[in-house]
Structures are given as C-alpha cells and as structure tokens.
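Reproduced below: my_file-v5.tsv, with TSV, C-alpha atoms and all ligand atoms.
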chain	number	residue	atom	x	y	z
A	1	MET	CA	30.70	-2.55	-13.68
A	2	PRO	CA	33.31	-1.32	-16.18
A	3	ALA	CA	36.41	0.39	-14.73
A	4	VAL	CA	35.12	3.73	-15.99
A	5	TYR	CA	31.36	3.80	-15.46
A	6	LEU	CA	29.67	6.69	-17.27
A	7	ASP	CA	26.16	5.30	-17.59
A	8	HIS	CA	24.44	6.53	-14.43
A	9	ALA	CA	21.26	7.33	-16.36
A	10	ALA	CA	20.89	3.59	-17.04
A	11	THR	CA	21.37	2.53	-13.44
A	12	THR	CA	23.42	3.35	-10.36
A	13	PRO	CA	25.24	1.11	-7.86
A	14	VAL	CA	23.41	0.63	-4.54
A	15	ARG	CA	25.04	2.71	-1.82
A	16	ALA	CA	26.54	1.02	1.24
A	17	GLU	CA	24.21	3.00	3.55
A	18	VAL	CA	21.24	1.69	1.57
A	19	ILE	CA	22.37	-1.94	1.74
A	20	GLU	CA	22.89	-1.54	5.47
A	21	ALA	CA	19.40	-0.10	5.98
A	22	MET	CA	17.83	-2.90	3.94
A	23	ALA	CA	19.72	-5.83	5.46
A	24	PRO	CA	17.60	-6.44	8.59
A	25	TYR	CA	14.45	-6.71	6.47
A	26	TRP	CA	15.67	-9.91	4.77
A	27	THR	CA	15.97	-11.64	8.14
A	28	ASP	CA	13.30	-13.10	10.39
A	29	ILE	CA	12.78	-9.80	12.22
A	30	SER	CA	10.65	-8.87	9.21
A	31	GLY	CA	7.49	-10.78	8.36
A	32	ASN	CA	4.55	-10.17	6.08
A	33	PRO	CA	3.52	-6.56	6.78
A	34	SER	CA	-0.12	-7.74	6.93
A	35	SER	CA	0.52	-10.20	9.78
A	36	ILE	CA	-0.33	-9.16	13.33
A	37	TYR	CA	2.58	-10.73	15.23
A	38	ASP	CA	5.87	-8.95	15.97
A	39	ALA	CA	7.67	-9.72	12.72
A	40	GLY	CA	4.73	-8.48	10.67
A	41	ARG	CA	4.45	-5.36	12.79
A	42	ASN	CA	8.17	-4.67	12.34
A	43	ALA	CA	7.75	-4.74	8.58
A	44	ARG	CA	4.60	-2.61	8.76
A	45	HIS	CA	6.37	0.02	10.86
A	46	ALA	CA	9.34	0.09	8.49
A	47	ILE	CA	7.04	0.65	5.51
A	48	ASP	CA	5.08	3.37	7.35
A	49	ALA	CA	8.32	5.16	8.24
A	50	ALA	CA	9.58	4.83	4.65
A	51	ARG	CA	6.33	6.28	3.33
A	52	ASP	CA	6.53	9.27	5.71
A	53	SER	CA	10.12	9.86	4.67
A	54	VAL	CA	9.37	9.73	0.92
A	55	ALA	CA	6.33	11.99	1.42
A	56	ALA	CA	8.50	14.56	3.23
A	57	ASP	CA	11.07	14.43	0.40
A	58	LEU	CA	8.32	15.07	-2.16
A	59	ASN	CA	6.58	17.70	-0.01
A	60	ALA	CA	3.52	15.47	-0.22
A	61	ARG	CA	1.23	13.67	2.20
A	62	SER	CA	1.99	10.07	3.17
A	63	SER	CA	-1.42	8.99	1.86
A	64	GLU	CA	-0.35	10.21	-1.60
A	65	VAL	CA	2.66	7.85	-1.86
A	66	ILE	CA	2.25	4.39	-3.44
A	67	PHE	CA	5.18	1.97	-3.58
A	68	THR	CA	5.55	0.11	-6.88
A	69	SER	CA	8.06	-2.16	-8.64
A	70	GLY	CA	9.82	0.72	-10.42
A	71	GLY	CA	9.61	3.46	-13.01
A	72	THR	CA	7.90	1.36	-15.66
A	73	GLU	CA	5.10	0.24	-13.35
A	74	SER	CA	4.65	3.78	-12.00
A	75	ASP	CA	4.30	5.22	-15.51
A	76	ASN	CA	1.86	2.47	-16.50
A	77	ALA	CA	-0.22	2.88	-13.35
A	78	ALA	CA	-0.27	6.68	-13.62
A	79	ILE	CA	-1.42	6.79	-17.23
A	80	LYS	CA	-3.76	3.79	-17.28
A	81	GLY	CA	-5.12	4.75	-13.86
A	82	VAL	CA	-6.12	8.24	-15.01
A	83	ALA	CA	-7.30	7.05	-18.43
A	84	PHE	CA	-9.64	4.37	-17.10
A	85	ALA	CA	-10.94	6.62	-14.33
A	86	SER	CA	-11.78	9.36	-16.87
A	87	MET	CA	-12.95	7.50	-19.97
A	88	HIS	CA	-16.54	8.61	-19.49
A	89	ARG	CA	-15.29	12.22	-19.79
A	90	GLY	CA	-13.02	11.81	-22.79
A	91	LYS	CA	-10.32	9.71	-24.39
A	92	HIS	CA	-7.60	12.16	-25.40
A	93	LEU	CA	-4.09	12.08	-23.93
A	94	ILE	CA	-1.26	14.56	-24.43
A	95	THR	CA	2.36	13.51	-24.12
A	96	THR	CA	5.65	14.20	-25.93
A	97	ALA	CA	7.65	12.51	-28.66
A	98	ILE	CA	10.67	12.02	-26.35
A	99	GLU	CA	9.13	10.12	-23.42
A	100	HIS	CA	10.53	6.84	-22.13
A	101	HIS	CA	8.93	3.77	-23.73
A	102	ALA	CA	7.13	3.11	-20.43
A	103	VAL	CA	5.01	6.18	-21.28
A	104	LEU	CA	4.91	5.93	-25.08
A	105	HIS	CA	3.99	2.25	-25.25
A	106	THR	CA	1.36	2.70	-22.54
A	107	CYS	CA	-0.33	5.47	-24.53
A	108	GLU	CA	-0.18	3.30	-27.68
A	109	TRP	CA	-1.63	0.34	-25.77
A	110	LEU	CA	-4.57	2.49	-24.65
A	111	GLY	CA	-5.41	2.99	-28.34
A	112	GLN	CA	-7.26	-0.36	-28.35
A	113	PHE	CA	-9.75	1.16	-25.89
A	114	GLY	CA	-10.36	4.15	-28.15
A	115	PHE	CA	-7.83	6.56	-26.60
A	116	GLU	CA	-6.12	9.00	-28.92
A	117	THR	CA	-2.74	10.48	-28.06
A	118	THR	CA	-1.16	13.73	-29.20
A	119	TYR	CA	2.66	13.43	-29.21
A	120	LEU	CA	4.06	16.94	-28.88
A	121	PRO	CA	7.20	17.71	-30.86
A	122	VAL	CA	10.35	19.18	-29.28
A	123	ASP	CA	12.73	21.81	-30.56
A	124	GLY	CA	16.33	21.11	-31.59
A	125	TYR	CA	17.35	21.12	-27.91
A	126	GLY	CA	14.73	18.55	-26.92
A	127	MET	CA	12.51	21.18	-25.27
A	128	VAL	CA	8.70	21.04	-25.23
A	129	SER	CA	6.87	24.34	-25.72
A	130	PRO	CA	4.20	25.10	-23.09
A	131	ASP	CA	2.33	26.89	-25.84
A	132	ASP	CA	2.12	23.62	-27.80
A	133	VAL	CA	0.66	21.97	-24.70
A	134	ARG	CA	-1.97	24.69	-24.46
A	135	LYS	CA	-2.90	24.35	-28.14
A	136	ALA	CA	-3.15	20.55	-27.94
A	137	ILE	CA	-5.79	20.64	-25.19
A	138	ARG	CA	-9.26	19.55	-26.34
A	139	PRO	CA	-12.55	19.27	-24.47
A	140	ASP	CA	-11.98	15.49	-24.26
A	141	THR	CA	-8.37	15.69	-22.95
A	142	VAL	CA	-8.08	13.67	-19.72
A	143	LEU	CA	-4.33	13.59	-19.07
A	144	ILE	CA	-1.13	15.50	-19.80
A	145	SER	CA	2.11	13.55	-19.28
A	146	VAL	CA	5.45	15.32	-19.80
A	147	MET	CA	8.72	13.92	-18.50
A	148	TYR	CA	10.78	16.05	-16.10
A	149	ALA	CA	14.26	15.38	-17.51
A	150	ASN	CA	15.04	13.32	-20.58
A	151	ASN	CA	17.03	10.15	-19.98
A	152	GLU	CA	18.97	10.34	-23.27
A	153	VAL	CA	19.83	14.00	-23.85
A	154	GLY	CA	19.16	15.39	-20.36
A	155	THR	CA	16.88	18.29	-21.31
A	156	VAL	CA	14.81	19.54	-18.37
A	157	GLN	CA	11.24	20.53	-19.25
A	158	PRO	CA	9.38	23.64	-17.99
A	159	LEU	CA	7.09	21.60	-15.74
A	160	ALA	CA	5.81	24.42	-13.54
A	161	GLU	CA	4.58	26.35	-16.56
A	162	ILE	CA	2.94	23.26	-18.09
A	163	GLY	CA	1.47	22.47	-14.66
A	164	ARG	CA	-0.21	25.88	-14.55
A	165	ILE	CA	-1.76	25.25	-17.97
A	166	ALA	CA	-2.98	21.81	-16.90
A	167	ARG	CA	-4.45	23.17	-13.69
A	168	ALA	CA	-6.24	26.02	-15.46
A	169	SER	CA	-7.91	23.41	-17.70
A	170	ARG	CA	-8.50	21.04	-14.76
A	171	ILE	CA	-6.58	18.24	-16.48
A	172	PRO	CA	-4.47	15.87	-14.35
A	173	PHE	CA	-0.73	16.31	-14.99
A	174	HIS	CA	1.73	13.41	-14.72
A	175	THR	CA	5.51	13.57	-14.92
A	176	ASP	CA	8.07	10.79	-15.31
A	177	ALA	CA	10.66	12.19	-12.88
A	178	VAL	CA	12.82	9.06	-12.88
A	179	GLN	CA	16.01	10.95	-13.81
A	180	ALA	CA	15.49	13.80	-11.32
A	181	PRO	CA	16.37	12.72	-7.75
A	182	GLY	CA	19.77	13.92	-6.61
A	183	LEU	CA	19.98	16.50	-9.39
A	184	LEU	CA	16.66	18.41	-9.49
A	185	SER	CA	14.06	19.48	-6.94
A	186	ILE	CA	11.29	16.91	-6.55
A	187	ASP	CA	8.87	19.14	-4.60
A	188	VAL	CA	5.50	18.21	-6.11
A	189	SER	CA	3.91	21.47	-5.07
A	190	THR	CA	6.40	23.77	-6.84
A	191	LEU	CA	6.44	21.41	-9.83
A	192	GLY	CA	2.65	21.63	-10.02
A	193	VAL	CA	2.16	17.95	-10.83
A	194	ASP	CA	-0.68	15.61	-9.82
A	195	LEU	CA	1.15	12.35	-10.48
A	196	LEU	CA	4.89	11.61	-10.45
A	197	SER	CA	6.96	8.48	-11.11
A	198	LEU	CA	10.29	7.53	-9.48
A	199	SER	CA	12.57	4.49	-9.66
A	200	ALA	CA	15.03	3.67	-6.85
A	201	HIS	CA	17.79	2.15	-9.01
A	202	LYS	CA	18.30	5.51	-10.73
A	203	PHE	CA	19.29	7.13	-7.40
A	204	TYR	CA	21.59	4.52	-5.79
A	205	GLY	CA	18.73	2.42	-4.44
A	206	PRO	CA	17.71	-1.16	-5.26
A	207	LYS	CA	16.30	-2.31	-8.60
A	208	GLY	CA	12.66	-3.34	-8.79
A	209	THR	CA	11.24	-0.66	-6.51
A	210	GLY	CA	9.63	2.67	-7.27
A	211	VAL	CA	7.13	5.31	-6.25
A	212	LEU	CA	3.95	6.61	-7.76
A	213	TYR	CA	2.81	9.87	-6.21
A	214	VAL	CA	-0.91	10.60	-6.74
A	215	ARG	CA	-2.19	13.92	-5.42
A	216	GLY	CA	-5.27	13.54	-3.19
A	217	GLY	CA	-8.47	14.07	-5.18
A	218	THR	CA	-6.94	13.15	-8.56
A	219	ARG	CA	-9.19	11.12	-10.89
A	220	TRP	CA	-7.25	7.87	-10.83
A	221	GLN	CA	-7.96	4.20	-10.27
A	222	PRO	CA	-5.67	1.36	-9.16
A	223	GLN	CA	-4.19	-0.86	-11.86
A	224	GLN	CA	-3.23	-3.88	-9.79
A	225	SER	CA	-5.98	-5.88	-8.12
A	226	GLY	CA	-5.38	-8.20	-5.19
A	227	GLY	CA	-5.03	-7.58	-1.48
A	228	ALA	CA	-5.71	-4.35	0.34
A	229	GLN	CA	-2.05	-3.27	0.41
A	230	GLU	CA	-1.13	0.36	-0.31
A	231	ARG	CA	-4.62	1.42	0.82
A	232	ASN	CA	-6.26	-0.73	-1.85
A	233	ARG	CA	-4.26	0.98	-4.57
A	234	ARG	CA	-1.67	-1.69	-5.36
A	235	GLY	CA	-2.38	-5.28	-4.33
A	236	GLY	CA	0.49	-7.60	-3.48
A	237	THR	CA	2.76	-8.26	-0.50
A	238	GLU	CA	5.04	-5.29	-0.13
A	239	ASN	CA	8.77	-5.47	-0.94
A	240	THR	CA	9.82	-4.41	2.56
A	241	PRO	CA	13.62	-4.34	2.02
A	242	GLY	CA	13.16	-2.60	-1.32
A	243	ILE	CA	10.86	0.05	0.16
A	244	VAL	CA	13.27	0.69	3.05
A	245	GLY	CA	16.15	0.92	0.56
A	246	LEU	CA	14.25	3.30	-1.69
A	247	ALA	CA	13.37	5.65	1.16
A	248	THR	CA	16.97	5.62	2.47
A	249	ALA	CA	18.39	6.30	-0.99
A	250	LEU	CA	15.88	9.09	-1.70
A	251	ARG	CA	16.65	10.85	1.58
A	252	LEU	CA	20.39	10.72	0.82
A	253	ALA	CA	19.79	11.94	-2.76
A	254	VAL	CA	17.71	14.90	-1.58
A	255	ASN	CA	20.05	15.87	1.28
A	256	GLU	CA	23.19	15.54	-0.81
A	257	ARG	CA	21.84	17.20	-3.94
A	258	PRO	CA	23.97	20.38	-3.64
A	259	ALA	CA	27.11	18.30	-3.04
A	260	THR	CA	26.32	15.95	-5.92
A	261	ILE	CA	25.82	18.85	-8.31
A	262	ALA	CA	29.01	20.54	-7.07
A	263	HIS	CA	30.84	17.29	-7.82
A	264	VAL	CA	29.43	16.26	-11.21
A	265	LYS	CA	28.79	19.56	-12.93
A	266	PRO	CA	32.40	20.81	-13.28
A	267	LEU	CA	33.50	17.36	-14.50
A	268	ARG	CA	30.61	17.21	-16.95
A	269	ASP	CA	31.33	20.76	-18.21
A	270	ASP	CA	34.99	19.88	-18.67
A	271	LEU	CA	34.01	16.78	-20.68
A	272	ILE	CA	31.66	18.76	-22.92
A	273	HIS	CA	34.18	21.54	-23.57
A	274	ARG	CA	37.04	19.19	-24.33
A	275	MET	CA	34.87	17.11	-26.64
A	276	LEU	CA	33.49	20.03	-28.64
A	277	ASP	CA	36.88	21.80	-28.76
A	278	THR	CA	38.98	18.86	-29.84
A	279	VAL	CA	36.75	16.44	-31.75
A	280	GLY	CA	35.79	17.57	-35.24
A	281	GLY	CA	32.27	16.66	-36.33
A	282	SER	CA	30.88	16.61	-32.78
A	283	ARG	CA	27.77	18.31	-31.43
A	284	LEU	CA	26.14	18.47	-28.03
A	285	THR	CA	22.61	17.02	-27.94
A	286	GLY	CA	20.00	18.38	-25.54
A	287	HIS	CA	19.74	21.88	-24.13
A	288	PRO	CA	23.01	23.75	-23.45
A	289	THR	CA	21.92	24.95	-19.99
A	290	GLU	CA	18.50	23.46	-19.11
A	291	ARG	CA	19.92	19.97	-18.76
A	292	LEU	CA	20.72	17.42	-16.08
A	293	GLN	CA	24.03	18.42	-14.51
A	294	ASN	CA	25.44	14.91	-14.94
A	295	ASN	CA	24.55	14.48	-18.62
A	296	ALA	CA	26.98	14.91	-21.51
A	297	SER	CA	25.44	13.64	-24.72
A	298	PHE	CA	26.69	14.07	-28.23
A	299	VAL	CA	26.25	13.14	-31.84
A	300	PHE	CA	29.23	12.54	-34.10
A	301	ARG	CA	29.05	12.98	-37.82
A	302	GLN	CA	29.44	9.95	-40.08
A	303	VAL	CA	29.93	7.32	-37.43
A	304	GLU	CA	27.67	4.76	-35.75
A	305	GLY	CA	26.87	4.95	-32.05
A	306	GLU	CA	27.15	1.18	-31.52
A	307	SER	CA	30.68	1.16	-32.93
A	308	ILE	CA	31.67	3.96	-30.57
A	309	LEU	CA	30.30	1.95	-27.63
A	310	LEU	CA	32.29	-1.13	-28.67
A	311	SER	CA	35.49	0.93	-28.88
A	312	LEU	CA	34.84	2.39	-25.44
A	313	ASP	CA	34.00	-1.05	-24.05
A	314	MET	CA	37.37	-2.40	-25.23
A	315	ALA	CA	38.94	0.32	-23.07
A	316	GLN	CA	36.71	-0.65	-20.10
A	317	ILE	CA	34.56	2.49	-20.43
A	318	GLY	CA	30.82	1.93	-19.97
A	319	ALA	CA	28.51	4.36	-21.78
A	320	SER	CA	25.38	4.21	-23.89
A	321	SER	CA	24.05	5.36	-27.22
A	322	GLY	CA	20.68	6.60	-28.39
A	323	SER	CA	21.09	4.34	-31.37
A	324	ALA	CA	20.60	0.63	-31.59
A	325	CYS	CA	21.49	-1.90	-34.21
A	326	THR	CA	18.27	-3.46	-35.44
A	327	SER	CA	18.53	-6.09	-38.17
A	328	GLY	CA	21.98	-5.03	-39.31
A	329	ALA	CA	21.37	-1.30	-39.63
A	330	THR	CA	21.91	1.34	-36.97
A	331	GLU	CA	18.70	3.19	-36.22
A	332	PRO	CA	18.54	6.38	-34.17
A	333	SER	CA	16.32	6.35	-31.08
A	334	HIS	CA	12.98	8.18	-31.09
A	335	VAL	CA	14.59	10.88	-28.93
A	336	ILE	CA	17.50	11.55	-31.30
A	337	THR	CA	15.08	11.42	-34.24
A	338	ALA	CA	12.81	14.01	-32.59
A	339	LEU	CA	15.69	16.52	-32.45
A	340	GLY	CA	15.58	16.87	-36.23
A	341	LEU	CA	19.33	16.54	-36.87
A	342	PRO	CA	20.80	16.17	-40.37
A	343	SER	CA	20.81	12.55	-41.57
A	344	ASP	CA	24.60	12.07	-41.44
A	345	TRP	CA	24.61	12.90	-37.72
A	346	VAL	CA	21.69	10.91	-36.26
A	347	ARG	CA	23.35	7.48	-36.08
A	348	GLY	CA	26.37	8.61	-34.11
A	349	SER	CA	24.90	9.35	-30.69
A	350	LEU	CA	26.73	8.84	-27.41
A	351	ARG	CA	25.49	9.44	-23.86
A	352	LEU	CA	27.92	9.84	-20.97
A	353	THR	CA	26.26	10.24	-17.58
A	354	LEU	CA	28.29	10.95	-14.46
A	355	GLY	CA	27.67	9.98	-10.87
A	356	ARG	CA	28.91	10.31	-7.28
A	357	THR	CA	32.10	8.37	-7.88
A	358	SER	CA	33.05	9.90	-11.24
A	359	SER	CA	36.52	11.42	-11.30
A	360	PRO	CA	38.68	13.66	-13.50
A	361	GLU	CA	40.53	10.46	-14.49
A	362	ASP	CA	37.29	9.11	-15.97
A	363	ILE	CA	37.01	12.17	-18.19
A	364	ASP	CA	40.69	11.87	-19.15
A	365	ALA	CA	40.12	8.23	-20.10
A	366	VAL	CA	37.26	9.16	-22.43
A	367	MET	CA	39.26	11.96	-24.02
A	368	ARG	CA	42.23	9.62	-24.52
A	369	VAL	CA	40.25	6.77	-26.09
A	370	LEU	CA	37.45	8.44	-28.01
A	371	PRO	CA	39.18	10.79	-30.50
A	372	PRO	CA	41.46	8.11	-32.06
A	373	ALA	CA	38.56	5.63	-32.04
A	374	LEU	CA	36.40	8.10	-33.95
A	375	SER	CA	39.11	8.70	-36.54
A	376	ARG	CA	39.49	4.93	-37.04
A	377	LEU	CA	35.75	4.39	-37.34
A	378	ARG	CA	35.29	7.24	-39.75
A	379	ALA	CA	38.05	5.89	-41.96
A	380	LEU	CA	36.18	2.57	-42.07
A	381	SER	CA	32.72	4.06	-42.40
A	382	PRO	CA	30.77	2.92	-45.49
A	383	GLY	CA	29.73	6.55	-45.92
A	384	ARG	CA	33.35	7.30	-46.83
A	385	VAL	CA	33.69	4.67	-49.54
A	386	SER	CA	32.30	6.87	-52.24
A	387	ALA	CA	34.28	9.90	-51.11
A	388	PRO	CA	37.15	10.90	-53.37
A	389	THR	CA	40.23	8.84	-52.63
A	390	ALA	CA	43.78	9.63	-53.60
A	391	THR	CA	43.88	9.07	-57.30
A	392	SER	CA	46.50	10.09	-59.86
B	1	LIG	C1	14.87	4.09	-16.26
B	1	LIG	C2	13.70	4.91	-16.65
B	1	LIG	C3	12.39	4.39	-16.56
B	1	LIG	C4	12.11	2.96	-16.19
B	1	LIG	O1	12.36	2.71	-14.84
B	1	LIG	P1	12.55	1.19	-14.35
B	1	LIG	O2	12.55	1.26	-12.86
B	1	LIG	O3	13.85	0.72	-14.90
B	1	LIG	O4	11.39	0.41	-14.86
B	1	LIG	C5	11.35	5.22	-16.89
B	1	LIG	N1	11.55	6.50	-17.26
B	1	LIG	C6	12.78	7.03	-17.35
B	1	LIG	C7	12.94	8.46	-17.75
B	1	LIG	C8	13.90	6.26	-17.05
B	1	LIG	O5	15.12	6.79	-17.15
Show the structure stored in the file as structure tokens.
Amino acid sequence: MPAVYLDHAATTPVRAEVIEAMAPYWTDISGNPSSIYDAGRNARHAIDAARDSVAADLNARSSEVIFTSGGTESDNAAIKGVAFASMHRGKHLITTAIEHHAVLHTCEWLGQFGFETTYLPVDGYGMVSPDDVRKAIRPDTVLISVMYANNEVGTVQPLAEIGRIARASRIPFHTDAVQAPGLLSIDVSTLGVDLLSLSAHKFYGPKGTGVLYVRGGTRWQPQQSGGAQERNRRGGTENTPGIVGLATALRLAVNERPATIAHVKPLRDDLIHRMLDTVGGSRLTGHPTERLQNNASFVFRQVEGESILLSLDMAQIGASSGSACTSGATEPSHVITALGLPSDWVRGSLRLTLGRTSSPEDIDAVMRVLPPALSRLRALSPGRVSAPTATS
C-alpha cells in the first residue's frame, strides 16, 4: 500500500484480529463443511456461528443470510434472482444512474430476456428522489434496487423512505450496501430492505467473500446451481476461512462504528475545508451532509483526474478518480456524469476516502502535494493553449 493510503472505498487492509480468527480454518482442523467427521463438523460449526453473528449484526434471521464471493456476486444474485423468480408477473426493473457496475451491467444483461430498466436520475448532490421512485413504478415492476451509499461521491440515499414506497406497492427492494459497514447502520428492518449486498474487503475483511441478505418470503431464486450448500441457495463448497473472517470483520465494524466515525469525520471535514478554502477551481462532489463520513471527493476545473492521481502517486499518496483514460481521452465516470456538472469540471475528479489508520499527517501530505501539482497541471493543460498568453 502507498505510504499515504486514502482509497478505503476501493479496498481496506485485513485487520490483525480478522487474520487471527481465520488462521485455524486453513489448517487440518477444518475440513469440508459437508463432511461428517470432526474436521468437517468444525468447519460447519464455524460457518453456523458466523451466520448467526452476521444475522445479529443485520438484525435479521440466520436463515436469511447467504454467503457469497463478494459484492459483485451478491448484486448479481439479488437482481437476477428476483428477476427470474418474477418474470411471469412483469419485466420492469427500477434502479439509479449512479449504481456500481455490478448492478448496472446486471440490469443491462437482463435486457436479452426482455427486461426493461428505468435508470432514475440524481440531483446535483447525487441524491435520488423518492418521488421519482414512486412515479417510475408500473404494474409490471418487479424490483427496485437503490444503493445505500455511493462509492464515488459518498452520497447516502433515503432508503427508509424508498423502502416504504416499495412495500406499499409490494415490490421487492434491494440495496447495494457495500460501502456502509463501519459508517452507517445496517439494520435491515429500519432500512426497510428485502435484499442487501455486502463485501468483506470493504470493511477490513478478506477479499472474495460477501453476504447476500434475502428477507424470508421474498420472491427470489438461487443463481448458482450445484450442491445443497447455503440451504440450496448457493451451490459450492463454502469458503470457511473467508466466512469466518467476514463475520469477525463485520462484528468489529458494527461495534466500533461510533469510534470510527469519531476518528475519520473530523479529519475528513478538515480535508474538505482546507481544499475548498485554498484551492481555486475546486468543488465538493456528493451531498454536503448526507454523505459517508470518510469520503472527501472533489472535481477540479480544467484538469484531468488521471494526471492528479499520477502526481499524488509520485508522492506516495494512493487515491482514486471517477475518471478513466480510455483510448487517449479522459472520460468522466457515469457517476460524475450523472451529477450534471459543467463540461470543464467533469474530467477532474478525485476521491479521497479515509480509514481507521488515517492521520492528520495524511491530510497534511495531500494539502502539501496537491495544490502545486494542480497549478502545474493546469499550466500544461491543452485547454489553456488557446487562452490569451502574454503578448506585446
Ligand atoms: C466494491 C463495490 C462492489 C463490488 O464488490 P466486490 O466484492 O469487489 O465484488 C459493489 N458495489 C459497491 C458500491 C462497491 O463499492
């Protein structure tokens, strides 16, 4: 990891407590959870305990928790599982323009089976309007999927309100809550969701392991055939160490949520204020208050996000941008595009996401490196070539 790691929305380092909890399950004390001898039973018990623990953290029942390979699989299984279980009733899906590709590409993929998707717009802060959700509902709508907190700009959506609308219309409601653990409540009953996706590597757990919560009684069908694992809902030998690690990491994230927020929020606020106060041509992206407490994301006028990242990388600062260089030109991400910013701002996005180990020195490093880098880049920017230069 870079010396200054400010990309916790991309992934997080596995905590020592999590590694310790997982370690025994790579040894011969842990067999195939489906085997009847001791080693198999040890693995089975560990998975049962992990499921109970995750269920308690979600305020759900253990039978409603399915372990998966991560956020992408959970999103796929949630959406395809509801779509295929409901296709005799209708083929209309509602989601938003700012979802993760795991949701957007899944909805697009379902198009080949005759599904139509409404992509709700967001306002300039990246916020979905519950009223738009209500208006988008049709008699053939079978699923509403709205992410909890956006991974690029951090905006937190009004899930409870959307959940009430979904419930009143008896439409299953899924949320991609991958960015939430450790920062937001993940109580499925107050959120009013029927399906919810999580990914362990976003909350200091191992990569390649996730959760799909499916409320009992939801119209949904499994998307992975095979053995009878996960109560016939997800075939395949379970990832015992991964599941144990996920449950350990989730429990720590939930228990330490107040402490995490108390740590990251003042640092994040300091970063935002210093950036907006001292860097000309900078704007905050995402909602000013309804946002993840660890997210500071910006756009800078007349500069390219990728160039900013390279300058930061040279100073050993790891961050990310909502823009990517595709075939020689910088293109804004679908999220930045959906915010409707002026054209000379959209290419210069930067996302800084803090975590448990972030320090005031990390913020100082960014504020030391970034302003001169921006001035240099702007001076070089092709957009400036045609600007008046010193003549006569
Ligand atoms: C990271 C992320 C995913 C994908 O999760 P993986 O476990 O990496 O597949 C999905 N949705 C959001 C919002 C994410 O941030």
Handout entry: Gly163 of chain A environment, 8 Å, all atoms listed in the file, sequence neighbours closer than 5 positions dropped, as a PyMOL selection string
Key = chain A and resi 173+191-193
Adding 5 Å on each side of the box along x, y and z that holds all listed atoms of segment 106-114 of chain A, could you give its centre and edge lengths in Å to one decimal, as lines of an AutoDock Vina configuration file?
center_x = -4.5
center_y = 2.6
center_z = -25.4
size_x = 21.7
size_y = 15.8
size_z = 15.8
Handout entry: Arg257 of chain A surroundings by all atoms listed in the file, 9 Å radius, close-in-sequence under 6 positions cut, as a ChimeraX atom specification
Key = /A:181-185
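Nearest to ligand LIG 1 (chain B) of all the residues A:Thr12, A:Thr96, A:Thr27, A:Thr72 is A:Thr72, based on all atoms listed in the file.
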Problem - ligand LIG 1 (chain B) neighbours within 10 Å using only C-alpha atoms and all ligand atoms, as a PyMOL selection string - result: chain A and resi 8-11+68-76+98-103+147-152+154+175-180+197-202+206-211
Exercise for the section: Work out how far atom CA of Gly286 of chain A is from atom CA of Thr95 of chain A, in Å to one decimal. Expected result: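 Pair atom CA of Thr95 of chain A / atom CA of Gly286 of chain A returns 18.4 Å.
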Handout entry: Distance criterion (all atoms listed in the file): nearest to Asn42 of chain A out of A:Asp140, A:Asp28, A:Asp269, A:Glu331
Key =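 Counting all atoms listed in the file, the residue closest to Asn42 of chain A is A:Asp28.
Residues having any atom no farther than 7 Å from (25.4, 10.6, -31.2) (counting all atoms listed in the file) are Phe298, Val299, Phe300, Gly305, Ser321, Gly322, Trp345, Val346, Arg347, Gly348, Ser349 and Leu350 of chain A.
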Handout entry: atom CA of Asp364 of chain A to atom CA of Leu380 of chain A, distance in Å rounded to a single decimal
Key = 25.1 Å
Problem - d(atom CA of Gly328 of chain A, atom CA of Leu377 of chain A) in Å - result: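 Spanning atom CA of Gly328 of chain A to atom CA of Leu377 of chain A is a straight-line distance of 16.8 Å.
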Exercise for the section: Check the smallest atom-to-atom distance from each of A:Leu312, A:Val279, A:Ala319, A:Leu143 to Ser375 of chain A using only C-alpha atoms, then report the winner. Expected result: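 Nearest candidate to Ser375 of chain A out of A:Leu312, A:Val279, A:Ala319, A:Leu143: A:Val279.
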Practice task
Considering all atoms listed in the file, return as a PyMOL selection string whatever protein or nucleic-acid residues lie within 12 Å of Asn232 of chain A, sequence-local ones (same chain, fewer than 2 positions apart) excluded.
Solution key: chain A and resi 63+66-67+221-230+234-237
Output C-alpha atoms for every residue in that selection, as a PDB file, keeping the file's coordinate frame.
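Output saved as result-v3.pdb:
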ATOM      1  CA  SER A  63      -1.420   8.990   1.860  1.00  0.00           C
ATOM      2  CA  ILE A  66       2.250   4.390  -3.440  1.00  0.00           C
ATOM      3  CA  PHE A  67       5.180   1.970  -3.580  1.00  0.00           C
ATOM      4  CA  GLN A 221      -7.960   4.200 -10.270  1.00  0.00           C
ATOM      5  CA  PRO A 222      -5.670   1.360  -9.160  1.00  0.00           C
ATOM      6  CA  GLN A 223      -4.190  -0.860 -11.860  1.00  0.00           C
ATOM      7  CA  GLN A 224      -3.230  -3.880  -9.790  1.00  0.00           C
ATOM      8  CA  SER A 225      -5.980  -5.880  -8.120  1.00  0.00           C
ATOM      9  CA  GLY A 226      -5.380  -8.200  -5.190  1.00  0.00           C
ATOM     10  CA  GLY A 227      -5.030  -7.580  -1.480  1.00  0.00           C
ATOM     11  CA  ALA A 228      -5.710  -4.350   0.340  1.00  0.00           C
ATOM     12  CA  GLN A 229      -2.050  -3.270   0.410  1.00  0.00           C
ATOM     13  CA  GLU A 230      -1.130   0.360  -0.310  1.00  0.00           C
ATOM     14  CA  ARG A 234      -1.670  -1.690  -5.360  1.00  0.00           C
ATOM     15  CA  GLY A 235      -2.380  -5.280  -4.330  1.00  0.00           C
ATOM     16  CA  GLY A 236       0.490  -7.600  -3.480  1.00  0.00           C
ATOM     17  CA  THR A 237       2.760  -8.260  -0.500  1.00  0.00           C
TER      18      THR A 237
END
Practice task
Compare A:Ile363, A:Val369, A:Val156, A:Leu110 by their minimum atom-to-atom distance to Tyr5 of chain A, counting only C-alpha atoms, and give me the closest one.
Solution key: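 Nearest to Tyr5 of chain A: A:Ile363.
Close contacts of Asp48 of chain A, defined as residues with an atom at most 12 Å away when counting all atoms listed in the file, with chain neighbours fewer than 2 positions off set aside, comprise Pro33, Arg41, Asn42, Ala43, Arg44, His45, Ala46, Ala50, Arg51, Asp52, Ser53, Val54, Ala55, Ser62, Ser63, Val65, Ile66, Phe67, Gln229, Glu230, Arg231, Glu238, Thr240, Ile243, Val244 and Ala247 of chain A.
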Practice task
For each of A:Ser189, A:Thr353, A:Asn32, A:Ser381, take the minimum atom-to-atom distance to Arg291 of chain A, counting only C-alpha atoms, then give the residue where this is smallest.
Solution key: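 The shortest atom-to-atom distance to Arg291 of chain A comes from A:Thr353.
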Handout entry: Polymer residues at most 8 Å from (-4.8, 14.9, -1.7) by all atoms listed in the file, as a PyMOL selection string
Key = chain A and resi 61+63-64+214-218
